[in-house]
$ cat start_16.cif   # mmCIF, C-alpha atoms
data_upload
loop_
_atom_site.label_atom_id
_atom_site.label_comp_id
_atom_site.auth_asym_id
_atom_site.auth_seq_id
_atom_site.Cartn_x
_atom_site.Cartn_y
_atom_site.Cartn_z
CA MET A 1 -13.47 1.27 -12.73
CA PRO A 2 -13.23 0.56 -8.98
CA PRO A 3 -9.93 1.52 -7.33
CA LEU A 4 -7.15 -1.05 -7.24
CA THR A 5 -5.65 -2.42 -4.03
CA VAL A 6 -1.87 -2.20 -3.64
CA THR A 7 0.09 -2.76 -0.45
CA ASN A 8 3.59 -1.85 0.62
CA TRP A 9 6.13 -4.69 0.76
CA PHE A 10 5.27 -5.68 4.31
CA GLY A 11 1.54 -5.60 3.57
CA ASP A 12 0.29 -3.33 6.36
CA LEU A 13 -0.17 -0.13 4.32
CA VAL A 14 -2.86 -0.20 1.66
CA SER A 15 -3.16 2.09 -1.34
CA HIS A 16 -6.22 2.33 -3.58
CA PRO A 17 -5.04 4.00 -6.79
CA GLN A 18 -7.39 4.45 -9.71
CA VAL A 19 -4.53 3.62 -12.08
CA LEU A 20 -1.39 1.52 -11.75
CA VAL A 21 1.21 2.09 -14.45
CA GLU A 22 4.72 0.76 -15.05
CA PRO A 23 6.57 3.11 -17.43
CA GLN A 24 9.21 1.80 -19.79
CA SER A 25 10.78 5.15 -20.65
CA VAL A 26 11.04 8.83 -19.79
CA ASP A 27 8.48 9.55 -22.51
CA ASP A 28 5.99 7.33 -20.69
CA ILE A 29 6.49 9.35 -17.49
CA ILE A 30 6.02 12.61 -19.39
CA ALA A 31 2.75 11.27 -20.81
CA ILE A 32 1.58 10.29 -17.33
CA MET A 33 2.32 13.72 -15.91
CA LYS A 34 0.62 15.63 -18.74
CA ASP A 35 -2.60 13.58 -18.98
CA SER A 36 -4.50 14.15 -15.73
CA GLY A 37 -7.65 12.69 -17.25
CA LYS A 38 -6.15 9.30 -17.91
CA TYR A 39 -3.75 9.48 -14.97
CA PRO A 40 -5.55 11.25 -12.10
CA SER A 41 -3.87 12.93 -9.15
CA PRO A 42 -2.20 12.26 -6.85
CA VAL A 43 0.64 10.73 -8.83
CA ARG A 44 3.07 8.82 -6.62
CA ALA A 45 6.12 6.89 -7.78
CA VAL A 46 7.44 3.83 -5.91
CA GLY A 47 10.23 1.31 -6.29
CA SER A 48 10.01 -1.86 -4.19
CA ASN A 49 7.58 -0.09 -1.84
CA HIS A 50 9.46 -0.93 1.38
CA SER A 51 8.49 2.30 3.16
CA THR A 52 6.84 1.86 6.55
CA SER A 53 4.83 5.09 6.17
CA PRO A 54 2.14 5.99 3.59
CA CYS A 55 4.47 8.27 1.63
CA GLY A 56 3.82 6.23 -1.54
CA VAL A 57 0.06 5.87 -1.16
CA ALA A 58 -1.96 7.18 -4.14
CA ASP A 59 -5.59 6.82 -3.10
CA GLY A 60 -7.84 7.67 -6.04
CA GLY A 61 -4.84 8.64 -8.13
CA THR A 62 -2.02 7.10 -10.13
CA LEU A 63 0.64 4.79 -8.73
CA VAL A 64 3.76 4.73 -10.90
CA LYS A 65 5.88 1.61 -10.38
CA MET A 66 9.40 2.23 -11.66
CA THR A 67 10.38 -1.46 -11.75
CA ASN A 68 10.92 -1.67 -15.51
CA MET A 69 13.32 1.27 -15.66
CA ASN A 70 16.17 -0.60 -14.00
CA ARG A 71 19.23 -0.31 -16.24
CA ILE A 72 22.70 0.63 -15.05
CA LEU A 73 23.73 3.33 -17.52
CA SER A 74 27.39 3.99 -16.76
CA ILE A 75 30.18 3.23 -14.30
CA THR A 76 33.33 5.32 -13.91
CA GLY A 77 36.14 5.18 -11.38
CA ASP A 78 34.17 7.28 -8.90
CA SER A 79 30.50 7.19 -9.94
CA VAL A 80 27.62 5.04 -11.11
CA THR A 81 24.54 6.22 -13.01
CA ALA A 82 21.39 4.12 -13.11
CA GLN A 83 17.71 4.39 -13.88
CA ALA A 84 15.39 4.98 -10.94
CA GLY A 85 14.02 1.44 -10.79
CA ALA A 86 17.42 -0.24 -10.46
CA LEU A 87 17.80 -2.02 -7.12
CA TYR A 88 20.63 -0.98 -4.83
CA ILE A 89 21.86 -4.55 -4.41
CA ASP A 90 21.99 -5.15 -8.17
CA VAL A 91 24.01 -1.97 -8.69
CA ALA A 92 26.29 -2.91 -5.78
CA HIS A 93 27.06 -6.31 -7.29
CA GLU A 94 27.85 -4.78 -10.66
CA LEU A 95 30.13 -2.26 -8.94
CA GLU A 96 31.93 -5.16 -7.29
CA ASN A 97 32.68 -6.54 -10.75
CA HIS A 98 34.55 -3.28 -11.32
CA GLN A 99 36.28 -3.46 -7.90
CA LEU A 100 34.11 -0.59 -6.64
CA GLN A 101 31.62 -0.14 -3.81
CA PHE A 102 29.06 2.31 -2.48
CA TYR A 103 30.00 4.56 0.41
CA VAL A 104 26.84 3.54 2.28
CA ASN A 105 26.10 -0.18 2.02
CA THR A 106 22.67 -0.04 3.55
CA GLU A 107 21.01 -3.27 4.62
CA ILE A 108 17.80 -3.09 2.55
CA GLY A 109 19.03 -4.02 -0.92
CA SER A 110 15.54 -3.59 -2.34
CA LEU A 111 16.05 0.17 -2.10
CA SER A 112 15.63 1.61 -5.58
CA VAL A 113 18.00 4.21 -6.98
CA GLY A 114 15.09 6.63 -7.39
CA SER A 115 14.13 6.33 -3.74
CA ALA A 116 17.77 6.65 -2.67
CA ALA A 117 17.98 9.91 -4.62
CA CYS A 118 15.04 11.63 -2.93
CA ALA A 119 14.18 9.84 0.34
CA GLY A 120 15.72 9.06 3.72
CA THR A 121 17.81 5.99 4.53
CA LYS A 122 19.84 4.81 7.51
CA ASP A 123 23.12 3.06 8.20
CA GLY A 124 25.79 3.41 10.85
CA SER A 125 28.25 6.00 9.54
CA MET A 126 31.69 4.66 8.69
CA PRO A 127 34.56 6.79 10.09
CA GLY A 128 34.68 10.15 8.32
CA GLU A 129 31.64 9.35 6.16
CA TYR A 130 27.90 9.94 6.06
CA GLY A 131 25.32 7.29 6.90
CA GLN A 132 22.62 8.35 4.44
CA VAL A 133 22.70 7.07 0.86
CA GLY A 134 21.34 10.30 -0.61
CA SER A 135 24.34 12.26 0.66
CA TYR A 136 26.41 10.58 -2.05
CA VAL A 137 23.91 11.31 -4.84
CA THR A 138 25.61 13.79 -7.18
CA ASN A 139 23.05 14.17 -9.95
CA VAL A 140 19.30 13.61 -10.27
CA LYS A 141 17.07 13.77 -13.35
CA MET A 142 13.32 14.23 -12.90
CA VAL A 143 10.11 14.69 -14.84
CA LEU A 144 8.17 17.63 -13.38
CA PRO A 145 4.36 17.67 -13.06
CA SER A 146 4.29 19.94 -16.14
CA GLY A 147 6.03 17.22 -18.18
CA GLU A 148 9.25 19.21 -18.33
CA LEU A 149 12.61 17.59 -17.61
CA ILE A 150 14.94 18.98 -14.96
CA GLU A 151 18.41 18.02 -13.76
CA ALA A 152 19.92 18.81 -10.35
CA GLY A 153 23.65 18.34 -9.91
CA GLU A 154 26.54 19.41 -7.75
CA ASP A 155 26.78 22.65 -9.71
CA GLN A 156 23.44 23.55 -8.02
CA PRO A 157 24.15 22.47 -4.43
CA ASP A 158 21.15 24.20 -2.85
CA LEU A 159 18.71 22.60 -5.29
CA LEU A 160 20.36 19.20 -4.93
CA ARG A 161 20.06 19.40 -1.13
CA LYS A 162 16.32 19.92 -1.50
CA VAL A 163 15.85 17.23 -4.14
CA ARG A 164 17.64 14.66 -1.95
CA SER A 165 14.78 14.90 0.55
CA SER A 166 11.87 15.68 -1.78
CA TYR A 167 10.20 12.26 -1.48
CA GLY A 168 8.85 12.46 -5.02
CA THR A 169 6.92 15.67 -4.34
CA PHE A 170 8.98 17.78 -6.78
CA GLY A 171 8.86 15.37 -9.71
CA ILE A 172 9.39 11.74 -10.62
CA VAL A 173 13.07 10.74 -10.54
CA TYR A 174 14.03 8.69 -13.59
CA GLU A 175 17.84 8.64 -13.29
CA ALA A 176 20.46 9.31 -10.63
CA THR A 177 24.24 9.29 -10.21
CA LEU A 178 25.95 8.23 -6.98
CA ARG A 179 29.55 8.63 -5.88
CA VAL A 180 31.44 5.34 -5.39
CA LYS A 181 34.95 4.30 -4.36
CA PRO A 182 37.38 1.37 -4.72
CA ILE A 183 36.60 -1.74 -2.68
CA GLN A 184 38.58 -2.01 0.52
CA PRO A 185 38.65 -4.66 3.27
CA MET A 186 36.35 -4.04 6.22
CA ALA A 187 36.67 -5.44 9.73
CA VAL A 188 33.63 -6.27 11.86
CA TYR A 189 33.11 -7.51 15.43
CA HIS A 190 30.38 -7.46 18.10
CA GLU A 191 30.40 -6.74 21.83
CA THR A 192 27.55 -7.04 24.32
CA PHE A 193 27.14 -4.50 27.15
CA SER A 194 24.76 -4.14 30.05
CA LEU A 195 22.60 -1.04 29.82
CA ASP A 196 24.48 0.70 32.63
CA ASP A 197 27.86 -0.17 31.16
CA PHE A 198 26.85 0.94 27.68
CA VAL A 199 25.60 4.40 28.64
CA ARG A 200 28.58 4.93 30.96
CA ARG A 201 31.08 4.00 28.27
CA LEU A 202 29.47 5.76 25.30
CA PRO A 203 32.21 8.44 25.03
CA GLU A 204 34.82 5.68 25.04
CA LEU A 205 32.93 3.75 22.33
CA TRP A 206 32.66 6.85 20.14
CA ALA A 207 36.40 7.38 20.57
CA ARG A 208 37.07 4.04 18.87
CA ASN A 209 36.22 5.87 15.63
CA GLU A 210 34.30 2.92 14.25
CA SER A 211 30.83 2.55 12.79
CA MET A 212 28.16 1.61 15.33
CA MET A 213 25.00 -0.35 14.60
CA TYR A 214 23.45 -2.02 17.64
CA TYR A 215 20.80 -4.47 18.80
CA LEU A 216 18.73 -3.40 21.80
CA PHE A 217 17.18 -5.90 24.23
CA PRO A 218 15.06 -3.82 26.65
CA PHE A 219 13.78 -6.80 28.66
CA GLN A 220 17.30 -8.06 29.37
CA ASP A 221 18.93 -4.60 29.79
CA LEU A 222 21.49 -5.57 27.14
CA ILE A 223 22.93 -3.95 24.02
CA THR A 224 25.02 -5.76 21.41
CA VAL A 225 27.04 -3.37 19.26
CA GLU A 226 28.27 -4.09 15.75
CA PHE A 227 31.54 -2.22 15.18
CA ARG A 228 32.91 -1.78 11.65
CA ARG A 229 35.97 -0.08 10.23
CA TYR A 230 37.89 -0.19 6.99
CA ASN A 231 41.03 -2.30 7.33
CA PRO A 232 43.25 -1.73 4.29
CA GLY A 233 46.06 -3.85 5.72
CA ALA A 234 43.98 -7.05 5.87
CA ALA A 235 45.67 -10.07 4.33
CA GLY A 236 44.32 -13.22 2.72
CA THR A 237 40.85 -13.58 1.25
CA PRO A 238 37.59 -12.03 2.44
CA ALA A 239 35.34 -13.99 4.81
CA ARG A 240 32.20 -13.95 2.69
CA HIS A 241 30.31 -16.27 5.06
CA VAL A 242 30.27 -13.71 7.89
CA TRP A 243 27.64 -11.43 6.41
CA GLN A 244 25.77 -14.37 4.86
CA LEU A 245 25.22 -15.76 8.34
CA ARG A 246 24.24 -12.40 9.78
CA ASN A 247 21.82 -11.75 6.92
CA PHE A 248 20.23 -15.19 7.29
CA MET A 249 19.68 -14.61 11.00
CA TRP A 250 18.44 -11.05 10.63
CA ALA A 251 16.35 -11.20 7.46
CA LYS A 252 15.02 -14.76 7.51
CA ALA A 253 15.50 -17.02 10.52
CA GLY A 254 14.88 -14.33 13.15
CA PRO A 255 11.60 -12.87 11.91
CA LEU A 256 10.32 -16.30 10.81
CA PHE A 257 10.95 -17.76 14.27
CA CYS A 258 9.28 -14.80 15.98
CA TYR A 259 6.30 -14.97 13.61
CA GLU A 260 5.84 -18.70 14.28
CA VAL A 261 6.12 -18.20 18.04
CA GLU A 262 3.58 -15.38 17.90
CA THR A 263 1.21 -17.48 15.80
CA ASN A 264 1.45 -20.75 17.69
CA ILE A 265 2.05 -19.92 21.37
CA SER A 266 -0.94 -18.21 22.98
CA ASN A 267 0.50 -17.88 26.47
CA PRO A 268 2.46 -14.60 26.48
CA THR A 269 4.86 -15.70 29.24
CA ILE A 270 5.89 -18.81 27.31
CA ARG A 271 5.87 -16.92 24.00
CA TYR A 272 8.21 -14.17 25.09
CA THR A 273 10.45 -16.55 27.01
CA ALA A 274 10.98 -18.28 23.67
CA VAL A 275 11.67 -14.93 21.98
CA ASP A 276 14.14 -13.94 24.71
CA ASP A 277 15.90 -17.32 24.44
CA PHE A 278 16.20 -16.84 20.69
CA CYS A 279 17.65 -13.36 21.27
CA ALA A 280 20.24 -14.89 23.59
CA LEU A 281 21.22 -17.27 20.80
CA TRP A 282 21.32 -14.29 18.44
CA ARG A 283 23.72 -12.44 20.72
CA PHE A 284 25.95 -15.51 21.02
CA LYS A 285 26.23 -15.86 17.25
CA LEU A 286 26.89 -12.16 16.77
CA GLU A 287 29.68 -12.15 19.34
CA HIS A 288 31.36 -15.43 18.35
CA LEU A 289 30.62 -15.94 14.64
CA ILE A 290 30.00 -12.55 13.04
CA LYS A 291 33.55 -11.26 13.24
CA SER A 292 36.46 -10.96 10.83
CA ASP A 293 39.32 -8.62 9.97
CA TYR A 294 38.47 -8.94 6.27
CA THR A 295 34.95 -8.70 4.90
CA ILE A 296 33.46 -6.94 1.88
CA ALA A 297 31.06 -4.08 2.65
CA THR A 298 28.75 -5.01 -0.24
CA ASP A 299 27.99 -8.32 1.50
CA GLN A 300 26.00 -6.43 4.16
CA ILE A 301 23.30 -5.61 1.60
CA ILE A 302 20.35 -8.01 1.75
CA ARG A 303 18.18 -9.09 -1.17
CA TYR A 304 14.65 -9.37 0.17
CA PRO A 305 12.08 -11.37 -1.84
CA ALA A 306 10.01 -9.32 -4.27
CA ILE A 307 6.86 -10.52 -2.50
CA SER A 308 7.10 -10.75 1.28
CA ASN A 309 6.53 -14.02 3.13
CA ASP A 310 6.35 -15.20 6.74
CA SER A 311 9.93 -14.02 7.36
CA ARG A 312 9.00 -10.38 6.78
CA TYR A 313 9.35 -7.75 9.47
CA THR A 314 8.64 -4.06 9.87
CA PHE A 315 10.04 -1.24 11.96
CA SER A 316 9.90 2.43 12.81
CA LEU A 317 12.55 4.90 13.99
CA TRP A 318 13.32 8.08 15.86
CA ALA A 319 16.77 9.64 16.18
CA PHE A 320 18.23 11.57 19.12
CA PRO A 321 21.28 13.80 19.60
CA GLU A 322 24.13 11.53 20.64
CA GLU A 323 25.03 13.73 23.59
CA ARG A 324 21.60 13.01 25.11
CA TYR A 325 21.42 9.32 24.23
CA ALA A 326 22.87 8.10 27.54
CA ALA A 327 19.92 9.71 29.32
CA ILE A 328 17.28 8.71 26.77
CA LEU A 329 18.05 5.01 26.25
CA PRO A 330 17.39 3.96 29.88
CA GLN A 331 14.08 5.83 29.69
CA TYR A 332 13.16 3.87 26.57
CA PHE A 333 14.00 0.54 28.20
CA LYS A 334 11.77 1.51 31.13
CA PHE A 335 9.05 2.65 28.71
CA CYS A 336 9.05 -0.81 27.06
CA LYS A 337 8.86 -2.66 30.38
CA ASP A 338 6.14 -0.41 31.79
CA TYR A 339 4.17 -0.67 28.57
CA TYR A 340 4.21 -4.46 28.69
CA GLN A 341 3.21 -4.50 32.36
CA GLN A 342 0.40 -1.97 31.93
CA LYS A 343 -0.92 -2.79 28.45
CA GLY A 344 0.26 -6.33 27.82
CA TYR A 345 2.14 -5.54 24.62
CA ARG A 346 5.78 -5.84 23.64
CA THR A 347 7.41 -6.17 20.22
CA ASN A 348 8.01 -9.79 19.33
CA MET A 349 11.49 -9.16 17.95
CA LEU A 350 14.14 -6.78 19.23
CA ASN A 351 15.08 -3.15 18.69
CA VAL A 352 17.99 -1.85 16.68
CA GLY A 353 19.79 1.46 16.37
CA TYR A 354 22.42 3.32 14.37
CA ARG A 355 24.92 6.09 15.00
CA ILE A 356 24.62 8.50 12.07
CA ALA A 357 27.04 11.37 11.53
CA LYS A 358 26.04 15.01 11.28
CA ASP A 359 24.86 15.49 7.71
CA GLN A 360 23.53 18.61 6.00
CA GLU A 361 23.66 17.20 2.46
CA SER A 362 19.85 17.05 2.35
CA LEU A 363 17.46 19.71 3.60
CA LEU A 364 15.41 17.34 5.78
CA SER A 365 18.32 15.26 7.08
CA TYR A 366 17.53 13.84 10.50
CA SER A 367 21.14 14.40 11.57
CA TYR A 368 21.19 17.98 10.26
CA ASP A 369 22.05 19.53 13.62
CA GLY A 370 24.56 16.94 14.79
CA THR A 371 25.41 13.26 15.08
CA VAL A 372 22.42 11.17 16.18
CA MET A 373 21.71 7.72 17.56
CA THR A 374 18.43 5.99 16.80
CA ILE A 375 15.91 3.75 18.55
CA ASP A 376 14.14 1.47 16.07
CA PRO A 377 11.59 -1.07 17.36
CA VAL A 378 11.24 -4.11 15.07
CA SER A 379 8.30 -6.50 14.85
CA THR A 380 6.40 -8.93 12.67
CA ALA A 381 3.48 -6.55 13.43
CA ASN A 382 2.11 -8.65 16.26
CA PRO A 383 -1.32 -7.54 17.56
CA GLY A 384 -1.00 -4.15 19.23
CA TRP A 385 1.98 -2.99 17.09
CA LYS A 386 0.38 0.16 15.67
CA THR A 387 -1.04 1.21 19.04
CA PHE A 388 2.40 0.73 20.55
CA LEU A 389 3.96 2.84 17.77
CA ALA A 390 1.53 5.68 18.46
CA ASP A 391 2.63 5.75 22.11
CA TYR A 392 6.29 5.28 21.13
CA ASN A 393 5.92 8.32 18.85
CA GLU A 394 4.67 10.43 21.72
CA PHE A 395 7.50 9.20 23.93
CA CYS A 396 10.13 10.05 21.31
CA ASN A 397 8.60 13.37 20.31
CA ASN A 398 8.45 14.49 23.93
CA LEU A 399 12.18 13.77 24.22
CA GLY A 400 13.06 15.85 21.17
CA GLY A 401 13.51 13.03 18.66
CA GLN A 402 13.84 13.39 14.88
CA MET A 403 11.70 11.30 12.50
CA LEU A 404 11.82 10.23 8.86
CA PHE A 405 8.91 10.71 6.46
CA ASN A 406 9.33 7.25 4.93
CA GLN A 407 10.53 5.13 7.88
CA THR A 408 8.63 6.51 10.87
CA TRP A 409 5.05 5.29 11.07
CA GLY A 410 2.46 7.81 12.28
CA VAL A 411 4.18 11.10 11.44
CA THR A 412 1.88 14.09 11.99
CA ARG A 413 2.18 17.74 11.03
CA ALA A 414 2.83 18.60 14.68
CA TYR A 415 5.75 16.13 14.81
CA ALA A 416 7.17 17.47 11.55
CA GLN A 417 6.87 21.10 12.65
CA LYS A 418 8.56 20.40 15.97
CA THR A 419 11.45 18.38 14.56
CA LEU A 420 12.11 20.30 11.32
CA GLY A 421 11.03 23.86 12.16
CA ASP A 422 11.96 26.36 9.45
CA ARG A 423 13.34 23.61 7.23
CA LEU A 424 9.80 22.26 6.82
CA LYS A 425 8.62 25.71 5.71
CA THR A 426 11.49 25.96 3.23
CA PHE A 427 10.67 22.52 1.88
CA ALA A 428 6.96 23.33 1.50
CA ALA A 429 7.70 26.58 -0.34
CA GLU A 430 10.13 24.87 -2.69
CA ARG A 431 7.68 22.07 -3.42
CA ARG A 432 5.02 24.56 -4.52
CA LYS A 433 7.42 25.98 -7.11
CA PHE A 434 7.76 22.60 -8.78
CA ASP A 435 4.17 21.42 -8.27
CA PRO A 436 1.86 24.45 -7.95
CA ASN A 437 -1.23 22.36 -8.76
CA ASN A 438 -0.42 19.64 -6.19
CA ARG A 439 -0.27 16.90 -8.82
CA LEU A 440 2.13 14.84 -6.69
CA LEU A 441 0.66 15.59 -3.27
CA ASN A 442 -1.09 12.68 -1.56
CA ASP A 443 -3.09 12.97 1.66
CA TYR A 444 -0.07 12.03 3.79
CA PHE A 445 2.09 14.91 2.60
CA ARG A 446 -0.90 17.25 2.30
CA GLU A 447 -1.54 16.88 6.04
CA ILE A 448 2.15 17.15 7.00
CA LEU A 449 2.68 20.26 4.90
CA GLY A 450 -0.66 21.85 5.84
CA GLU A 451 -1.74 22.24 2.21
#

$ encode --input "start_16.cif" --output "structure tokens"
Amino acid sequence: MPPLTVTNWFGDLVSHPQVLVEPQSVDDIIAIMKDSGKYPSPVRAVGSNHSTSPCGVADGGTLVKMTNMNRILSITGDSVTAQAGALYIDVAHELENHQLQFYVNTEIGSLSVGSAACAGTKDGSMPGEYGQVGSYVTNVKMVLPSGELIEAGEDQPDLLRKVRSSYGTFGIVYEATLRVKPIQPMAVYHETFSLDDFVRRLPELWARNESMMYYLFPFQDLITVEFRRYNPGAAGTPARHVWQLRNFMWAKAGPLFCYEVETNISNPTIRYTAVDDFCALWRFKLEHLIKSDYTIATDQIIRYPAISNDSRYTFSLWAFPEERYAAILPQYFKFCKDYYQQKGYRTNMLNVGYRIAKDQESLLSYSYDGTVMTIDPVSTANPGWKTFLADYNEFCNNLGGQMLFNQTWGVTRAYAQKTLGDRLKTFAAERRKFDPNNRLLNDYFREILGE
């Protein structure tokens, strides 16, 4: 049979597996792993397939979609256990019914529990907490390439640290447990700064001891920061509309407007004037409407449609040590302006970023050595996007940035070696123990790991 054609959620990464299978049970996964004739290598498991890199591509092999294994198995006062195909937003809503919430309420609700257990995520760290979902994963169950079952829990901290960043190269995750906590009120507000003011005041902003997510506008030299903190003394009822409005602007109206402008306005000056005017409206709404002393953290999580439409967007990211960010961000703004002047390309949305606390809970954590702040260009993939990302990668790599295997497009072995060093060697050696015959190794990871 000819290979199938499967794309990631956005539609810009294409996989040509020989077989596409949707297991209903652990026994089905065992059968897949053990029968290499019926289910050829590489075997790659995916959830909603939102990754912006080819980490889930299975050219010539077997793509395992975990969608059907989506049950929530148990909820206690401090944990939730679910099958790998359960969506983060569905689990979050069920937790809310029990007056509980996740520690990290990451924006992309289509994240599957299996991906959360073994791949990188991002969110601005709340005070005293991590910003990566996997850091709160306390137990993972996998099917190994041999068909054997294995469990990694907090009683094996070194193994669990490796599994949390294994990206499905050790085995296929079929169940995971995450730590949760009681719901508590959360305050949110936005402030806009000029570039000069922002970099000058960064130490002062960190001293607020609040979460920082931010919107970057390189062509206006502006940054709008979203500050969040838990506010246990809040009175009254939660303002549920606040995050609904933000999510509508961010996940639907914004990208749809930018896509329509890109499609229908050929003159770049007029086109990007319209984009910049929309961004000004965006900033106004963030500052004046997206604020409250009492919101619910779960409301930040967005349910994206199962099949993307014209309101879809894509992104990439690099992270930098926070102590160097004041020097790096102005260089990035200049990079964007020079790039547009010299090559005629700019992203047709904005850029975002997150402040993510130092985190050594996973071996390949991008904030392993200290707290980081990211630069994440966002686009509807207007013409020239991938070429821009290749140059953006060089810019970030030259400045000592850290990347993510699943959310940075264009990762190479050289990038991985430079950013991860000995941790990459440790990861590669550990992977071989679980998968000595490279059953789970696609071309993307084969090149990165030098196999």

$ resolve_selection --input "start_16.cif" --expression "the PyMOL selection byres ((chain A and resi 135-145) around 9)" --output "CSV table (one decimal) with C-alpha atoms, in the frame of the given file"
chain,number,residue,atom,x,y,z
A,26,VAL,CA,11.0,8.8,-19.8
A,29,ILE,CA,6.5,9.4,-17.5
A,30,ILE,CA,6.0,12.6,-19.4
A,32,ILE,CA,1.6,10.3,-17.3
A,33,MET,CA,2.3,13.7,-15.9
A,34,LYS,CA,0.6,15.6,-18.7
A,43,VAL,CA,0.6,10.7,-8.8
A,79,SER,CA,30.5,7.2,-9.9
A,81,THR,CA,24.5,6.2,-13.0
A,102,PHE,CA,29.1,2.3,-2.5
A,103,TYR,CA,30.0,4.6,0.4
A,104,VAL,CA,26.8,3.5,2.3
A,114,GLY,CA,15.1,6.6,-7.4
A,116,ALA,CA,17.8,6.6,-2.7
A,117,ALA,CA,18.0,9.9,-4.6
A,118,CYS,CA,15.0,11.6,-2.9
A,130,TYR,CA,27.9,9.9,6.1
A,131,GLY,CA,25.3,7.3,6.9
A,132,GLN,CA,22.6,8.4,4.4
A,133,VAL,CA,22.7,7.1,0.9
A,134,GLY,CA,21.3,10.3,-0.6
A,146,SER,CA,4.3,19.9,-16.1
A,147,GLY,CA,6.0,17.2,-18.2
A,148,GLU,CA,9.2,19.2,-18.3
A,149,LEU,CA,12.6,17.6,-17.6
A,150,ILE,CA,14.9,19.0,-15.0
A,151,GLU,CA,18.4,18.0,-13.8
A,152,ALA,CA,19.9,18.8,-10.4
A,153,GLY,CA,23.6,18.3,-9.9
A,154,GLU,CA,26.5,19.4,-7.8
A,160,LEU,CA,20.4,19.2,-4.9
A,161,ARG,CA,20.1,19.4,-1.1
A,163,VAL,CA,15.8,17.2,-4.1
A,164,ARG,CA,17.6,14.7,-2.0
A,170,PHE,CA,9.0,17.8,-6.8
A,171,GLY,CA,8.9,15.4,-9.7
A,172,ILE,CA,9.4,11.7,-10.6
A,173,VAL,CA,13.1,10.7,-10.5
A,174,TYR,CA,14.0,8.7,-13.6
A,175,GLU,CA,17.8,8.6,-13.3
A,176,ALA,CA,20.5,9.3,-10.6
A,177,THR,CA,24.2,9.3,-10.2
A,178,LEU,CA,26.0,8.2,-7.0
A,179,ARG,CA,29.6,8.6,-5.9
A,180,VAL,CA,31.4,5.3,-5.4
A,359,ASP,CA,24.9,15.5,7.7
A,360,GLN,CA,23.5,18.6,6.0
A,361,GLU,CA,23.7,17.2,2.5
A,362,SER,CA,19.8,17.0,2.4
A,434,PHE,CA,7.8,22.6,-8.8
A,435,ASP,CA,4.2,21.4,-8.3
A,436,PRO,CA,1.9,24.4,-8.0
A,437,ASN,CA,-1.2,22.4,-8.8
A,438,ASN,CA,-0.4,19.6,-6.2
A,439,ARG,CA,-0.3,16.9,-8.8
A,440,LEU,CA,2.1,14.8,-6.7

$ atom_distance --input "start_16.cif" --atom1 "atom CA of A:Thr192" --atom2 "atom CA of A:Val352"
13.3 Å

$ closest_residue --input "start_16.cif" --among "A:Ala82, A:Cys279, A:Val372, A:Met66" --to "A:Ser125" --atoms "all atoms listed in the file"
A:Val372

$ closest_residue --input "start_16.cif" --among "A:Leu329, A:Ile356, A:Met186, A:Leu100" --to "A:Pro218" --atoms "all atoms listed in the file"
A:Leu329

$ resolve_selection --input "start_16.cif" --expression "the PyMOL selection byres ((chain A and resi 409) around 9)" --output "ChimeraX atom specification"
/A:52-54,315-317,386,389-390,393,404-408,410-411

$ write_last_selection --input "start_16.cif" --atoms "C-alpha atoms" --output "short mmCIF file (atom, residue, chain, number, x, y, z; two decimals), keeping the file's coordinate frame"
data_model
loop_
_atom_site.label_atom_id
_atom_site.label_comp_id
_atom_site.auth_asym_id
_atom_site.auth_seq_id
_atom_site.Cartn_x
_atom_site.Cartn_y
_atom_site.Cartn_z
CA THR A 52 6.84 1.86 6.55
CA SER A 53 4.83 5.09 6.17
CA PRO A 54 2.14 5.99 3.59
CA PHE A 315 10.04 -1.24 11.96
CA SER A 316 9.90 2.43 12.81
CA LEU A 317 12.55 4.90 13.99
CA LYS A 386 0.38 0.16 15.67
CA LEU A 389 3.96 2.84 17.77
CA ALA A 390 1.53 5.68 18.46
CA ASN A 393 5.92 8.32 18.85
CA LEU A 404 11.82 10.23 8.86
CA PHE A 405 8.91 10.71 6.46
CA ASN A 406 9.33 7.25 4.93
CA GLN A 407 10.53 5.13 7.88
CA THR A 408 8.63 6.51 10.87
CA GLY A 410 2.46 7.81 12.28
CA VAL A 411 4.18 11.10 11.44
#

$ closest_residue --input "start_16.cif" --among "A:Gln184, A:Ala234, A:Lys358, A:Pro3" --to "A:Glu129" --atoms "all atoms listed in the file"
A:Lys358

$ residues_around --input "start_16.cif" --residues "A:Gly124" --least-positions-apart "4" --cutoff "8 Å" --atoms "only C-alpha atoms" --output "VMD selection string"
chain A and resid 131 211 to 213 354 to 356

$ resolve_selection --input "start_16.cif" --expression "the PyMOL selection byres ((chain A and resi 228-232) around 8)" --output "NGL selection string"
:A and (126-127 or 184-189 or 210-212 or 226-227 or 233-234 or 293-294)

$ atom_distance --input "start_16.cif" --atom1 "atom CA of A:Glu262" --atom2 "atom CA of A:Thr314"
14.8 Å

$ residues_around --input "start_16.cif" --residues "A:Phe257" --least-positions-apart "5" --cutoff "9 Å" --atoms "all atoms listed in the file" --output "VMD selection string"
chain A and resid 252 262 275 278 311

$ closest_residue --input "start_16.cif" --among "A:Leu350, A:Ala326, A:Ile296, A:Val91" --to "A:Phe198" --atoms "only C-alpha atoms"
A:Ala326

$ residues_around --input "start_16.cif" --residues "A:His98" --least-positions-apart "6" --cutoff "12 Å" --atoms "all atoms listed in the file" --output "number ranges by chain"
A: 74-80, 91-92, 180-183

$ closest_residue --input "start_16.cif" --among "A:Val242, A:Leu364, A:Ile265, A:Ile302" --to "A:Gly109" --atoms "all atoms listed in the file"
A:Ile302
